[in-house]
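Heads up, final_36.cif below (mmCIF, C-alpha atoms):
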data_query
#
loop_
_atom_site.label_atom_id
_atom_site.label_comp_id
_atom_site.auth_asym_id
_atom_site.auth_seq_id
_atom_site.Cartn_x
_atom_site.Cartn_y
_atom_site.Cartn_z
CA MET A 1 137.94 121.01 118.43
CA ILE A 2 139.24 117.61 117.36
CA VAL A 3 140.39 117.78 113.76
CA ALA A 4 140.26 114.66 111.63
CA GLU A 5 140.43 113.79 107.96
CA ARG A 6 138.74 111.09 105.99
CA LYS A 7 140.73 107.99 105.20
CA PRO A 8 141.40 107.29 101.51
CA PHE A 9 138.40 105.76 99.75
CA GLU A 10 140.30 102.60 98.85
CA GLU A 11 141.24 101.97 102.47
CA ILE A 12 137.65 102.40 103.62
CA LYS A 13 136.40 100.16 100.85
CA GLU A 14 138.91 97.47 101.79
CA SER A 15 137.96 97.63 105.48
CA ILE A 16 134.27 96.96 104.83
CA LYS A 17 134.65 94.48 101.98
CA ASP A 18 133.55 91.47 104.02
CA TYR A 19 130.26 93.00 105.12
CA ARG A 20 126.97 93.14 103.29
CA LYS A 21 125.13 95.64 105.46
CA VAL A 22 127.04 98.60 106.83
CA LEU A 23 125.92 101.62 108.81
CA VAL A 24 127.88 104.80 108.11
CA LEU A 25 127.68 106.67 111.39
CA GLY A 26 128.51 110.38 111.49
CA CYS A 27 129.22 112.61 114.45
CA GLY A 28 127.69 116.07 114.67
CA THR A 29 130.31 117.80 116.80
CA CYS A 30 134.02 118.40 116.06
CA VAL A 31 134.40 116.31 112.91
CA SER A 32 131.27 117.90 111.53
CA VAL A 33 132.87 121.34 111.82
CA CYS A 34 136.11 120.21 110.18
CA MET A 35 134.12 118.72 107.29
CA ALA A 36 135.26 115.16 107.83
CA GLY A 37 132.51 113.18 109.51
CA GLY A 38 129.28 115.18 109.75
CA GLU A 39 125.90 114.48 108.20
CA LYS A 40 127.01 115.81 104.82
CA GLU A 41 130.17 113.72 104.71
CA VAL A 42 128.17 110.66 105.75
CA GLY A 43 125.85 111.27 102.78
CA LEU A 44 128.75 111.67 100.38
CA LEU A 45 130.66 108.63 101.58
CA ALA A 46 127.55 106.43 101.66
CA THR A 47 126.66 107.53 98.12
CA GLU A 48 130.22 106.86 96.96
CA LEU A 49 130.22 103.40 98.50
CA ARG A 50 126.84 102.56 96.95
CA MET A 51 127.92 103.82 93.53
CA ASN A 52 131.21 101.95 93.68
CA ALA A 53 129.47 98.75 94.74
CA GLY A 54 127.01 99.23 91.87
CA LEU A 55 129.83 99.70 89.37
CA GLU A 56 131.63 96.62 90.62
CA LYS A 57 128.37 94.65 90.79
CA ARG A 58 128.74 93.96 94.47
CA ASP A 59 125.68 93.52 96.64
CA ILE A 60 125.92 95.77 99.67
CA GLU A 61 123.46 97.78 101.71
CA ILE A 62 124.78 101.06 103.05
CA MET A 63 122.75 102.84 105.70
CA GLU A 64 123.31 106.33 107.04
CA ALA A 65 122.91 107.94 110.46
CA THR A 66 124.45 110.91 112.20
CA ILE A 67 124.26 111.51 115.93
CA GLN A 68 125.10 114.60 117.94
CA ARG A 69 128.15 113.08 119.59
CA GLN A 70 129.81 109.69 119.47
CA CYS A 71 131.72 110.34 122.68
CA ASP A 72 128.57 110.30 124.88
CA LYS A 73 126.58 107.15 125.61
CA GLU A 74 123.30 109.04 125.71
CA TYR A 75 123.60 109.96 122.05
CA ILE A 76 124.64 106.49 120.93
CA GLU A 77 121.80 104.67 122.69
CA PRO A 78 119.05 105.72 120.25
CA ILE A 79 120.86 104.20 117.26
CA LEU A 80 121.90 100.94 118.95
CA GLU A 81 118.94 99.02 117.58
CA GLN A 82 119.55 100.18 114.03
CA ALA A 83 123.25 99.42 114.46
CA ARG A 84 122.59 95.87 115.66
CA GLY A 85 120.67 95.21 112.45
CA CYS A 86 123.90 95.72 110.47
CA GLU A 87 127.00 93.60 110.00
CA ALA A 88 129.46 96.39 110.67
CA ILE A 89 129.59 100.07 111.58
CA LEU A 90 131.76 102.53 109.69
CA SER A 91 132.22 105.36 112.17
CA LEU A 92 133.07 108.84 110.98
CA GLY A 93 133.77 109.93 114.55
CA CYS A 94 137.16 110.74 116.04
CA GLY A 95 139.17 108.00 117.70
CA ALA A 96 137.29 108.52 120.96
CA GLY A 97 133.94 108.24 119.20
CA VAL A 98 134.88 105.03 117.38
CA GLN A 99 135.98 103.48 120.69
CA LEU A 100 132.82 104.33 122.61
CA VAL A 101 130.58 103.09 119.80
CA ALA A 102 132.64 99.88 119.69
CA GLU A 103 132.42 99.54 123.47
CA MET A 104 128.65 99.83 123.40
CA LEU A 105 128.19 97.38 120.54
CA GLU A 106 130.89 94.97 121.70
CA THR A 107 130.15 92.04 119.38
CA MET A 108 130.04 94.12 116.24
CA PRO A 109 133.03 95.41 114.27
CA VAL A 110 133.22 99.21 114.41
CA LEU A 111 135.63 100.50 111.77
CA PRO A 112 137.15 103.96 111.61
CA GLY A 113 136.48 106.04 108.51
CA LEU A 114 138.68 108.93 109.67
CA ASN A 115 142.23 109.56 110.79
CA THR A 116 142.11 111.72 113.91
CA ARG A 117 144.80 114.38 113.70
CA PHE A 118 144.89 117.04 116.40
CA ILE A 119 143.18 119.53 118.68
CA GLY A 120 143.03 122.73 116.71
CA ILE A 121 141.26 125.81 115.48
CA THR A 122 139.68 126.93 112.23
CA GLU A 123 142.18 129.15 110.38
CA ALA A 124 139.95 129.88 107.43
CA GLU A 125 137.17 128.15 105.57
CA GLY A 126 138.51 124.65 105.00
CA ALA A 127 141.80 125.13 106.87
CA TRP A 128 142.61 124.02 110.40
CA SER A 129 145.76 124.01 112.45
CA GLU A 130 146.99 122.48 115.67
CA ARG A 131 146.95 124.51 118.87
CA CYS A 132 146.98 122.10 121.79
CA ARG A 133 148.63 118.80 122.63
CA ALA A 134 146.54 118.19 125.75
CA CYS A 135 149.72 117.96 127.84
CA GLY A 136 147.90 118.53 131.11
CA ASP A 137 150.23 121.29 132.37
CA CYS A 138 149.28 124.50 130.58
CA VAL A 139 152.00 127.12 130.05
CA LEU A 140 149.99 129.57 127.96
CA ALA A 141 149.98 132.21 130.73
CA THR A 142 153.75 132.61 130.50
CA PHE A 143 154.02 132.55 126.72
CA GLY A 144 151.45 135.10 125.69
CA GLY A 145 148.78 132.58 124.73
CA ILE A 146 150.97 130.77 122.21
CA CYS A 147 151.79 127.18 123.01
CA PRO A 148 155.40 126.13 122.39
CA VAL A 149 154.54 122.50 123.17
CA ALA A 150 152.10 122.26 120.30
CA ARG A 151 153.39 124.87 117.89
CA CYS A 152 157.17 124.57 118.06
CA SER A 153 158.10 121.68 115.74
CA LYS A 154 160.64 120.56 118.31
CA GLY A 155 158.35 121.19 121.28
CA LEU A 156 160.99 123.36 122.94
CA ILE A 157 159.82 125.10 126.08
CA ASN A 158 163.00 126.92 127.07
CA GLY A 159 163.25 129.31 124.17
CA PRO A 160 164.02 129.04 120.47
CA CYS A 161 166.63 126.88 118.82
CA GLY A 162 168.89 128.46 116.17
CA GLY A 163 166.83 127.24 113.27
CA ASN A 164 164.56 130.23 112.73
CA GLN A 165 164.73 131.22 109.06
CA GLY A 166 162.96 134.48 108.41
CA GLY A 167 160.27 133.65 110.94
CA LYS A 168 159.81 130.13 109.61
CA CYS A 169 160.87 126.87 111.18
CA GLU A 170 163.90 125.08 109.73
CA ALA A 171 161.93 121.84 109.91
CA GLY A 172 160.16 123.10 106.79
CA GLY A 173 156.55 122.83 105.80
CA ASP A 174 156.10 126.61 105.92
CA LYS A 175 155.54 126.54 109.66
CA ASP A 176 155.89 129.73 111.67
CA CYS A 177 158.52 129.68 114.38
CA ALA A 178 156.43 129.49 117.56
CA TRP A 179 159.14 131.23 119.54
CA GLU A 180 159.21 134.22 117.22
CA LEU A 181 155.43 134.45 117.55
CA ILE A 182 155.76 134.27 121.32
CA TYR A 183 158.39 137.04 121.32
CA HIS A 184 156.25 139.41 119.26
CA ARG A 185 153.11 138.67 121.26
CA LEU A 186 154.82 139.28 124.60
CA LYS A 187 156.38 142.46 123.20
CA LYS A 188 152.92 143.75 122.26
CA GLN A 189 151.71 142.93 125.76
CA GLY A 190 154.75 144.54 127.41
CA ARG A 191 155.56 141.24 129.06
CA LEU A 192 158.93 140.41 127.47
CA ALA A 193 160.32 140.00 130.98
CA ASN A 194 158.55 136.62 131.01
CA LEU A 195 161.25 135.33 128.69
CA ARG A 196 164.03 136.38 131.04
CA LYS A 197 162.79 134.12 133.77
CA THR A 198 164.20 130.64 134.07
CA ALA A 199 161.62 128.26 132.68
CA GLN A 200 159.82 126.30 135.36
CA LEU A 201 160.30 122.57 135.44
CA ARG A 202 157.44 120.91 133.67
CA ASN A 203 155.38 118.24 135.30
CA TYR A 204 155.48 115.49 132.71
CA ALA A 205 153.50 113.21 135.02
CA THR A 206 150.38 115.09 133.91
CA ASN A 207 150.99 113.69 130.46
CA ALA A 208 150.71 110.05 131.58
CA HIS A 209 148.32 107.87 129.59
CA PRO A 210 145.61 106.78 129.69
CA ALA A 211 144.41 109.98 131.35
CA ARG A 212 141.21 110.11 133.31
CA GLN A 213 139.42 112.67 135.43
CA VAL A 214 136.61 112.72 137.89
CA ASN A 215 134.42 115.54 139.16
CA GLU A 216 133.75 114.68 142.77
CA ALA A 217 130.51 116.62 142.87
CA TYR A 218 129.11 113.96 140.55
CA GLN A 219 131.27 110.93 141.12
CA THR A 220 132.33 109.70 144.52
CA PRO A 221 135.78 108.11 144.35
CA GLU A 222 134.29 104.66 145.14
CA LYS A 223 131.63 104.98 142.47
CA ALA A 224 134.18 106.06 139.89
CA GLY A 225 136.50 103.24 140.87
CA VAL A 226 139.40 105.55 141.76
CA LYS A 227 141.74 104.44 144.50
CA SER A 228 142.18 107.24 147.02
CA MET B 1 132.20 120.94 91.43
CA SER B 2 135.82 119.90 91.62
CA GLN B 3 135.00 117.90 94.75
CA ALA B 4 132.22 116.06 92.93
CA LYS B 5 134.59 115.25 90.07
CA LYS B 6 137.20 113.98 92.49
CA LEU B 7 134.65 111.77 94.20
CA MET B 8 133.47 110.41 90.84
CA ALA B 9 137.04 109.45 90.02
CA GLU B 10 137.36 107.74 93.41
CA VAL B 11 134.20 105.76 92.78
CA GLY B 12 135.23 104.88 89.24
CA LEU B 13 132.82 106.93 87.13
CA GLU B 14 133.94 109.06 84.17
CA GLN B 15 134.41 112.67 85.20
CA GLU B 16 133.34 113.84 81.74
CA ARG B 17 129.76 113.00 82.67
CA LEU B 18 129.68 116.13 84.78
CA GLU B 19 130.19 119.73 83.68
CA MET B 20 129.49 123.29 84.68
CA PHE B 21 128.29 125.96 82.25
CA ASN B 22 128.12 129.68 82.84
CA LEU B 23 125.41 131.47 80.95
CA GLY B 24 123.05 134.38 81.23
CA ALA B 25 119.26 134.64 80.97
CA SER B 26 119.43 135.60 77.29
CA ASP B 27 121.88 132.88 76.31
CA ALA B 28 119.34 130.48 74.86
CA PRO B 29 121.69 129.31 72.08
CA LEU B 30 124.37 128.58 74.68
CA PHE B 31 121.89 126.55 76.69
CA ALA B 32 120.95 124.52 73.64
CA ALA B 33 124.65 124.04 72.88
CA ALA B 34 125.31 122.87 76.45
CA CYS B 35 122.50 120.32 76.17
CA LYS B 36 123.87 119.09 72.84
CA GLU B 37 127.42 118.89 74.15
CA MET B 38 126.44 116.84 77.20
CA THR B 39 124.17 114.55 75.19
CA GLU B 40 127.05 113.89 72.80
CA ARG B 41 129.37 113.12 75.68
CA ALA B 42 126.83 110.78 77.24
CA ARG B 43 126.41 109.01 73.89
CA LYS B 44 130.16 108.58 73.55
CA LEU B 45 130.60 107.30 77.08
CA GLY B 46 127.67 104.94 76.85
CA PRO B 47 125.01 104.40 79.48
CA ASN B 48 125.71 105.04 83.14
CA PRO B 49 126.83 101.61 84.43
CA LEU B 50 124.85 102.19 87.60
CA LYS B 51 121.62 102.40 85.63
CA GLU B 52 122.24 99.10 83.87
CA GLU B 53 122.79 97.51 87.22
CA GLU B 54 119.42 98.73 88.39
CA ALA B 55 117.70 97.73 85.17
CA SER B 56 118.98 94.18 85.48
CA VAL B 57 117.78 93.98 89.09
CA LYS B 58 114.28 94.96 88.02
CA MET C 1 120.05 96.84 77.12
CA THR C 2 121.30 97.19 73.57
CA THR C 3 123.33 100.20 72.57
CA ASP C 4 121.17 101.11 69.59
CA THR C 5 118.19 101.77 71.85
CA TYR C 6 120.39 103.77 74.21
CA GLU C 7 119.09 107.26 74.68
CA PRO C 8 121.08 109.16 77.26
CA LYS C 9 119.25 110.77 80.14
CA LEU C 10 120.66 114.05 81.39
CA VAL C 11 120.00 116.13 84.45
CA ALA C 12 120.51 119.88 84.26
CA PHE C 13 120.69 121.87 87.46
CA CYS C 14 119.56 125.34 86.43
CA CYS C 15 119.46 128.66 88.14
CA HIS C 16 115.97 130.16 88.05
CA TYR C 17 117.31 133.50 86.92
CA CYS C 18 119.81 132.58 84.25
CA ALA C 19 119.87 129.11 82.78
CA TYR C 20 116.21 128.37 83.38
CA SER C 21 115.28 131.62 81.67
CA ALA C 22 117.69 130.71 78.91
CA ALA C 23 116.01 127.33 78.53
CA ASP C 24 112.64 129.05 78.49
CA LEU C 25 113.86 131.45 75.83
CA ALA C 26 115.31 128.57 73.82
CA GLY C 27 111.78 127.20 73.76
CA SER C 28 110.30 130.52 72.68
CA MET C 29 112.95 130.89 70.00
CA ARG C 30 112.09 127.41 68.74
CA LEU C 31 115.73 126.42 69.12
CA GLU C 32 116.15 122.69 68.85
CA TYR C 33 118.01 120.94 71.60
CA PRO C 34 118.03 117.31 72.75
CA ALA C 35 114.80 116.32 74.46
CA ASN C 36 116.47 114.00 76.92
CA VAL C 37 117.45 116.74 79.32
CA ARG C 38 115.53 116.88 82.59
CA ILE C 39 115.76 120.25 84.27
CA VAL C 40 115.96 120.73 88.01
CA LYS C 41 115.20 124.37 88.70
CA LEU C 42 116.92 126.00 91.64
CA MET C 43 116.58 129.50 92.97
CA CYS C 44 120.32 129.78 92.57
CA THR C 45 122.99 127.32 91.45
CA GLY C 46 124.75 128.12 94.71
CA ARG C 47 122.30 125.60 96.16
CA VAL C 48 123.91 122.77 94.23
CA ASP C 49 125.73 120.42 96.52
CA THR C 50 128.22 117.69 95.70
CA LEU C 51 125.68 115.25 97.10
CA HIS C 52 123.01 116.33 94.58
CA LEU C 53 125.39 115.66 91.71
CA LEU C 54 126.46 112.26 93.02
CA ARG C 55 122.86 111.26 93.73
CA ALA C 56 121.93 112.11 90.14
CA PHE C 57 124.49 109.58 88.95
CA GLU C 58 123.60 107.06 91.64
CA ASP C 59 120.03 107.16 90.40
CA GLY C 60 121.12 106.48 86.85
CA ALA C 61 121.69 109.79 85.06
CA ASP C 62 124.06 109.35 82.10
CA ALA C 63 125.37 112.88 82.42
CA ALA C 64 124.66 115.92 84.54
CA PHE C 65 125.49 119.57 84.30
CA VAL C 66 125.10 122.71 86.27
CA ALA C 67 124.12 125.83 84.36
CA GLY C 68 123.87 129.29 85.79
#
What does the file become when written as structure tokens?
Amino acid sequence: MIVAERKPFEEIKESIKDYRKVLVLGCGTCVSVCMAGGEKEVGLLATELRMNAGLEKRDIEIMEATIQRQCDKEYIEPILEQARGCEAILSLGCGAGVQLVAEMLETMPVLPGLNTRFIGITEAEGAWSERCRACGDCVLATFGGICPVARCSKGLINGPCGGNQGGKCEAGGDKDCAWELIYHRLKKQGRLANLRKTAQLRNYATNAHPARQVNEAYQTPEKAGVKS
Amino acid sequence: MSQAKKLMAEVGLEQERLEMFNLGASDAPLFAAACKEMTERARKLGPNPLKEEEASVK
Amino acid sequence: MTTDTYEPKLVAFCCHYCAYSAADLAGSMRLEYPANVRIVKLMCTGRVDTLHLLRAFEDGADAAFVAG
């Protein structure tokens, strides 16, 4: 899931200050799960903005809507009409969502209400942590299902540095040393031999941006505009 | 509760306007005390500025 | 609005089983408490959401409290 967090209230307020009619648009997928941009957060933010405008005697109309996904055109289409009736959209989607909504509305400002952080998992209620950097060349098979690219602070893929302090990373922040985790996991699996092998060269070309992919069963190369 | 208070601070409304009381079914005097306490606080803080706004619009 | 006519309006979110019963009992016991409290009865105060509290203020409540 994409994990995001809401921008500070002041920043959001500043970004919409020139508009009189704003639609707060939530997204019902990842950011809903990480309690940043779902229907509930839309309600809270819209209420906050209305209350603040009331206190400061500003005249502003705040509307609310939440769609299933902001990263799929099909879900955005039904709210286009409502959106066009506003002066600006405050999207509580991830960076991808904000961009697609902006692309579909073109002439209208679409402002982000969240900071998109990482691809991660739910650790506990209200706690999430990063697990994947979308590098495009997955090494999880070798490292016991623990990703050194995403979870080692230094992104080392050839084994640990010397900075492990009692299982924690010397970079601080109470982070576990990914390489210690990998060692213990492989030990449990009886696959410690994996660590004796010389690490394979990584294909960094897979990490080139902007990335794009096409399923040929659905998209012919010509139709998708890919040069073969 | 703490989230609501935080949001009120963000918006610019006094956090004292909101409180939580724990009481049981037989705690009638406590309930009356809670009502009195909150009414006093509301009196001290004055009217909710949002209400005045609405009143002047109407 | 002049301050001398100001009579605060309060919203109380009450649990059906505790605070609401307590309020009921307060009535039976003829205990006096301010009449400007409007009670919202809930099956359980666990139902109270941040949004409910904010909406109470947005709609002009001078104070709100949760009892349960």
Which residue of B:Ala33, B:Leu18, B:Leu13, B:Ala25 approaches chain A most closely, using all atoms listed in the file: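 Among the listed residues, B:Leu13 lies closest to chain A.
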Atom-to-atom span, CA of Glu180 in chain A and CA of Gly136 in chain A, Å: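 Going from CA of Glu180 in chain A over to CA of Gly136 in chain A covers 23.8 Å.
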Explicit residues for the PyMOL selection byres ((chain B and resi 5) around 12) (as an NGL selection string): (:A and (48)) or (:B and (1-4 or 6-20)) or (:C and (50-51 or 53-54 or 57 or 64-65))
Please dump the current selection as an mmCIF file, in the coordinates of the input; keep C-alpha atoms.
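Saved file result.cif follows:
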data_model
loop_
_atom_site.group_PDB
_atom_site.id
_atom_site.type_symbol
_atom_site.label_atom_id
_atom_site.label_comp_id
_atom_site.auth_asym_id
_atom_site.auth_seq_id
_atom_site.Cartn_x
_atom_site.Cartn_y
_atom_site.Cartn_z
ATOM 1 C CA GLU A 48 130.220 106.860 96.960
ATOM 2 C CA MET B 1 132.200 120.940 91.430
ATOM 3 C CA SER B 2 135.820 119.900 91.620
ATOM 4 C CA GLN B 3 135.000 117.900 94.750
ATOM 5 C CA ALA B 4 132.220 116.060 92.930
ATOM 6 C CA LYS B 6 137.200 113.980 92.490
ATOM 7 C CA LEU B 7 134.650 111.770 94.200
ATOM 8 C CA MET B 8 133.470 110.410 90.840
ATOM 9 C CA ALA B 9 137.040 109.450 90.020
ATOM 10 C CA GLU B 10 137.360 107.740 93.410
ATOM 11 C CA VAL B 11 134.200 105.760 92.780
ATOM 12 C CA GLY B 12 135.230 104.880 89.240
ATOM 13 C CA LEU B 13 132.820 106.930 87.130
ATOM 14 C CA GLU B 14 133.940 109.060 84.170
ATOM 15 C CA GLN B 15 134.410 112.670 85.200
ATOM 16 C CA GLU B 16 133.340 113.840 81.740
ATOM 17 C CA ARG B 17 129.760 113.000 82.670
ATOM 18 C CA LEU B 18 129.680 116.130 84.780
ATOM 19 C CA GLU B 19 130.190 119.730 83.680
ATOM 20 C CA MET B 20 129.490 123.290 84.680
ATOM 21 C CA THR C 50 128.220 117.690 95.700
ATOM 22 C CA LEU C 51 125.680 115.250 97.100
ATOM 23 C CA LEU C 53 125.390 115.660 91.710
ATOM 24 C CA LEU C 54 126.460 112.260 93.020
ATOM 25 C CA PHE C 57 124.490 109.580 88.950
ATOM 26 C CA ALA C 64 124.660 115.920 84.540
ATOM 27 C CA PHE C 65 125.490 119.570 84.300
#
Separation of CA of Val42 in chain A from CA of Glu64 in chain A in Å: 6.6 Å
Result set of the PyMOL selection byres ((chain A and resi 1-17) around 8) on the coordinates above, as a PyMOL selection string: (chain A and resi 18-20+22+30-31+34+36-37+49+88+90+92+94+111+113-121+128) or (chain B and resi 10)
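Straight-line separation from CA of Met43 in chain C to CA of Gly24 in chain B: 14.3 Å.
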Explicit residue set for the PyMOL selection byres ((chain A) within 10 of (chain C)), as a list in words: Lys40, Glu41, Gly43, Leu44, Leu45, Thr47, Glu48, Arg50, Met51, Asn52, Gly54 and Leu55 of chain A
